[in-house]
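These notes are about the structure you will find just below.
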Amino acid sequence: MEPRFNMFENEVTSKFFKRLIAASRPIEESSLPKATQELVKIRASQINGCGMCLDMHTKDAAAAGETAVRLAMVAAWREAVVFTEAERAALALAEEGTRLADNHAGVSDETWEQVRKHYDEEQIGALVCLVAEINTWNRLNVIARNPAGEYQPGMFG
């Protein structure tokens, strides 16, 4: 599969990428656990069908020590016993925040209560921004049809 165009060589998209990467730093520097960050990125990317982001975030998570079982179970997290209650709240937020058009109310009160139960204000801010950020990356990659499979952990870091 060939991308529709090279976003890294396009003047507008390359400038946008630099700013989006800079905007993600507060999330990365927050106290939100890195494993949770990767799980959220993986779940939103599954929903959006973004192979490029799935390739990147599953490999980065594995390189950081995430288990193959947990990675394989992200799509079925509700039925899986391998996630903590806090991770489950973050995954629910990722799903509901990604599927806004599926629910006129957006994120449910029940999900929000679980998020508030397990995360402090800084972590909630990071989670909300993370869901918005990964959905942006998913859309960029899906629109451009960026191929997946060649990413190496740390390649863009």
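Chain lettering (A, B, ...) mirrors the order of the structure tokens, residue numbering begins at 1 for each chain separately, and ligand numbering begins at 1 in order of display.
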
Shell around Ala89 of chain A at 10 Å using only C-alpha atoms, local window under 3 positions removed, as a PyMOL selection string: chain A and resi 83-86+92-95+110-119

Using only C-alpha atoms: which of A:Glu28, A:Glu11, A:Asp55, A:Glu38 has the shortest distance to Met155 of chain A: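 Of A:Glu28, A:Glu11, A:Asp55, A:Glu38, the one nearest Met155 of chain A is A:Asp55, counting only C-alpha atoms.
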
Exercise: Ile27 of chain A partners within 9 Å, only C-alpha atoms, chain neighbours under 3 positions left out, as a count of residues only: 12

Contact residues around Arg99 of chain A with only C-alpha atoms at 12 Å, ignoring same-chain residues under 2 positions, as an MDAnalysis selection string: chainID A and resid 43:48 92:97 101:108 131:132 135

Residues from last step as file, N, CA and C atoms, as a short mmCIF file (atom, residue, chain, number, x, y, z; two decimals), in the first residue's frame:
data_model
loop_
_atom_site.label_atom_id
_atom_site.label_comp_id
_atom_site.auth_asym_id
_atom_site.auth_seq_id
_atom_site.Cartn_x
_atom_site.Cartn_y
_atom_site.Cartn_z
N ARG A 43 -6.53 1.48 21.71
CA ARG A 43 -7.99 1.28 21.58
C ARG A 43 -8.61 2.26 20.60
N ALA A 44 -8.26 3.52 20.69
CA ALA A 44 -8.81 4.50 19.74
C ALA A 44 -8.38 4.16 18.32
N SER A 45 -7.15 3.73 18.16
CA SER A 45 -6.64 3.39 16.82
C SER A 45 -7.35 2.16 16.26
N GLN A 46 -7.71 1.21 17.12
CA GLN A 46 -8.49 0.06 16.67
C GLN A 46 -9.85 0.52 16.16
N ILE A 47 -10.51 1.36 16.91
CA ILE A 47 -11.83 1.85 16.53
C ILE A 47 -11.77 2.60 15.20
N ASN A 48 -10.74 3.42 15.04
CA ASN A 48 -10.62 4.25 13.85
C ASN A 48 -9.98 3.53 12.67
N ALA A 92 -12.69 2.90 28.58
CA ALA A 92 -14.08 3.32 28.34
C ALA A 92 -14.11 4.76 27.85
N LEU A 93 -13.31 5.63 28.47
CA LEU A 93 -13.24 7.02 28.04
C LEU A 93 -12.70 7.11 26.61
N ALA A 94 -11.70 6.31 26.31
CA ALA A 94 -11.15 6.31 24.95
C ALA A 94 -12.21 5.91 23.94
N GLU A 95 -12.97 4.88 24.25
CA GLU A 95 -14.03 4.42 23.34
C GLU A 95 -15.12 5.47 23.16
N GLU A 96 -15.63 5.97 24.26
CA GLU A 96 -16.75 6.91 24.18
C GLU A 96 -16.30 8.25 23.59
N GLY A 97 -15.07 8.66 23.88
CA GLY A 97 -14.54 9.90 23.32
C GLY A 97 -14.19 9.78 21.85
N ALA A 101 -20.09 10.25 17.66
CA ALA A 101 -21.28 10.23 16.80
C ALA A 101 -22.23 9.09 17.15
N ASP A 102 -21.73 8.09 17.85
CA ASP A 102 -22.56 6.94 18.20
C ASP A 102 -23.46 7.20 19.41
N ASN A 103 -23.17 8.25 20.14
CA ASN A 103 -23.92 8.54 21.37
C ASN A 103 -24.09 10.04 21.47
N HIS A 104 -25.29 10.51 21.33
CA HIS A 104 -25.52 11.97 21.33
C HIS A 104 -25.05 12.64 22.62
N ALA A 105 -24.92 11.89 23.69
CA ALA A 105 -24.49 12.45 24.96
C ALA A 105 -22.96 12.44 25.11
N GLY A 106 -22.26 11.87 24.14
CA GLY A 106 -20.80 11.80 24.24
C GLY A 106 -20.36 10.81 25.30
N VAL A 107 -19.53 11.24 26.20
CA VAL A 107 -19.03 10.38 27.28
C VAL A 107 -20.12 10.28 28.35
N SER A 108 -20.44 9.05 28.73
CA SER A 108 -21.50 8.83 29.73
C SER A 108 -21.08 9.30 31.12
N VAL A 131 -7.00 11.43 24.32
CA VAL A 131 -8.06 10.91 23.43
C VAL A 131 -8.19 11.83 22.22
N ALA A 132 -8.17 13.14 22.44
CA ALA A 132 -8.26 14.08 21.32
C ALA A 132 -7.04 13.95 20.41
N ASN A 135 -6.96 10.61 18.30
CA ASN A 135 -7.97 10.68 17.25
C ASN A 135 -7.51 11.59 16.10
#

Separation of atom CA of Lys18 of chain A from atom CA of Met52 of chain A in Å: 17.7 Å

Those of segment 45-146 of chain A in DSSP helix (DSSP H, G or I), formatted as a count of residues only: 80

Pick from A:Glu122, A:Glu9, A:Glu29, A:Asp60 nearest to Tyr151 of chain A, counting only C-alpha atoms: A:Asp60

Distance in Å - atom CA of Asn10 of chain A versus atom CA of Arg139 of chain A: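 Going from atom CA of Asn10 of chain A over to atom CA of Arg139 of chain A covers 16.5 Å.
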
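Among the candidates A:Met1, A:Ala76, A:Leu100, A:Ala35, the one nearest to Thr58 of chain A when counting only C-alpha atoms is A:Ala35.
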
Long-range neighbours of Leu140 of chain A as a ChimeraX atom specification, 10 Å cut-off, only C-alpha atoms, 3 positions minimum in chain: /A:7,13,17,50,134-137,143-146

Prev. selection, N, CA and C atoms, output as a compact mmCIF listing (two decimals), in the first residue's frame:
# COMPACT_ATOMS: atom_id res chain seq x y z
N MET A 7 3.07 13.07 3.87
CA MET A 7 2.76 14.14 4.81
C MET A 7 4.02 14.71 5.47
N THR A 13 1.52 20.01 6.33
CA THR A 13 1.37 18.90 7.28
C THR A 13 2.61 18.71 8.14
N PHE A 17 2.47 18.67 12.10
CA PHE A 17 3.00 17.56 12.89
C PHE A 17 3.90 18.06 14.01
N CYS A 50 -6.82 2.69 12.22
CA CYS A 50 -5.53 3.31 11.86
C CYS A 50 -4.39 2.31 12.05
N ILE A 134 -4.85 11.33 19.92
CA ILE A 134 -4.74 10.10 19.13
C ILE A 134 -5.79 10.06 18.04
N ASN A 135 -6.96 10.61 18.30
CA ASN A 135 -7.97 10.68 17.25
C ASN A 135 -7.51 11.59 16.10
N THR A 136 -6.79 12.64 16.42
CA THR A 136 -6.23 13.51 15.37
C THR A 136 -5.22 12.74 14.53
N TRP A 137 -4.28 12.05 15.20
CA TRP A 137 -3.27 11.27 14.46
C TRP A 137 -3.94 10.18 13.63
N ILE A 143 -6.72 9.23 6.46
CA ILE A 143 -6.99 10.03 5.27
C ILE A 143 -5.87 9.89 4.25
N ALA A 144 -4.62 9.94 4.72
CA ALA A 144 -3.47 9.85 3.81
C ALA A 144 -3.14 8.41 3.41
N ARG A 145 -3.79 7.45 4.08
CA ARG A 145 -3.52 6.02 3.87
C ARG A 145 -2.05 5.67 4.11
N ASN A 146 -1.53 6.15 5.22
CA ASN A 146 -0.16 5.79 5.58
C ASN A 146 -0.11 4.31 5.92

Coordinates-based distance that separates atom CA of His57 of chain A from atom CA of Ala148 of chain A (Å, one decimal): 11.2 Å

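Restricting the calculation to only C-alpha atoms, the smallest distance between Ala75 of chain A and any of A:Ile42, A:Ala90, A:Met56, A:Ala22 is found for A:Ile42.
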